[in-house]
Amino acid sequence: MLSVYVMTEKQIELIRQSWLLVKPASKEAGIAFYEKLFAAAPGIRHLFKKDVTEQAEKLMNMLSFVVSKLDGLEGIITDITALGARHHQYGAKPEHYDVVGNCLIETLKDGLAEKWNTELQQAWIAAFTIIKTAMVAAQKTGSCTNEIIKDAAACNGKYSQHNLKS
Ligand code: HEM
């Protein structure tokens with residue numbers, strides 16, 4: 001298995017600590033995320049057929065899984081590839097990821113309030129960018145390699161503040 005640099009240890013630790021704070025209110029955070037998403041991008045609402053509470057739970061479970069594996073993303077590459085491929089079936093497009101990322105970060109920011117800061121924001125952007133890049137690659141090609149995760153890690157700084165509402 002390839003050993004890849006993914007995020008700094010500090011970033012991983014920051015995300016883990018922040019996720020511990022989010023988890024007790026996971027259900028509310030998931031629902032708040034979808035409310036934000038559907039307000040920001042009403043055009044994608046029709047893609048979501050299932051009950052939002054159920055979808056919110058699935059999303060938060062997936063995020064918990066990813067957060068628990070941040071120091072070894074290469075070990076879950078098949079899960080991320082499969083998730084990306086399923087998203088192709090759901091009608092998700094590469095251009096939808098930015099609004100999803102923005103709403104996720106905004107939800108975390110609202111939930112964590114005074115515990116939120118720029119360093120934590122950068123860490124979440126880095127994590128989201130890596131997952132997004134791997135999912136989009138899987139959507140486009142049907143597969144995703146550890147090289148893609150590595151590339152995403154190398155360029156995560158380029159997914160910068162300008163993509164986010166301040
Ligand atoms: C990091 C990014 C994302 C993650 C972690 C994520 C995670 C998930 C998970 C865990 C599910 C449950 C079903 C499954 O496991 O296949 C799901 C479903 C879905 N996601 Fe995502 N997703 C992401 C991005 C997106 C984007 C960009 C879109 C674009 C519109 C999207 C649209 C959907 C839709 C339409 C469903 C199916 C809902 C339904 O069946 O009603 N997701 N997502």
# chains A, B, ... in the order shown; residues from 1 in each chain; ligands from 1

call {"tool": "residues_near_ligand", "arguments": {"ligand": "ligand 1", "cutoff": "10 Å", "atoms": "only C-alpha atoms and all ligand atoms", "output": "PyMOL selection string"}}
result
chain A and resi 37-38+41+43-52+54-66+79-80+82-101+104+127-136

call {"tool": "residues_around", "arguments": {"residues": "A:Ser18", "least_positions_apart": "3", "cutoff": "10 Å", "atoms": "only C-alpha atoms", "output": "JSON, numbers by chain"}}
result
{"A": [12, 13, 14, 15, 21, 22, 23, 108, 111, 112, 115, 116, 120, 124]}

call {"tool": "select_by_dssp", "arguments": {"residues": "chain A", "states": "helix (DSSP H, G or I)", "output": "VMD selection string"}}
result
chain A and resid 9 to 40 42 to 47 52 to 68 70 to 90 94 to 115 118 to 141 146 to 158 161 to 163

call {"tool": "atom_distance", "arguments": {"atom1": "atom CA of A:Ala126", "atom2": "atom CA of A:Glu35"}}
result
23.6 Å

call {"tool": "residues_around", "arguments": {"residues": "A:Cys103", "least_positions_apart": "6", "cutoff": "9 Å", "atoms": "only C-alpha atoms", "output": "ChimeraX atom specification"}}
result
/A:33-34,36-37,40,164

call {"tool": "closest_residue", "arguments": {"among": "A:Glu119, A:Ile76, A:Ala137, A:Thr53", "to": "A:Ala29", "atoms": "only C-alpha atoms"}}
result
A:Thr53

call {"tool": "atom_distance", "arguments": {"atom1": "atom CA of A:Thr107", "atom2": "atom CA of A:Ala32"}}
result
6.7 Å

call {"tool": "atom_distance", "arguments": {"atom1": "atom CA of A:Glu114", "atom2": "atom CA of A:Gly30"}}
result
19.6 Å
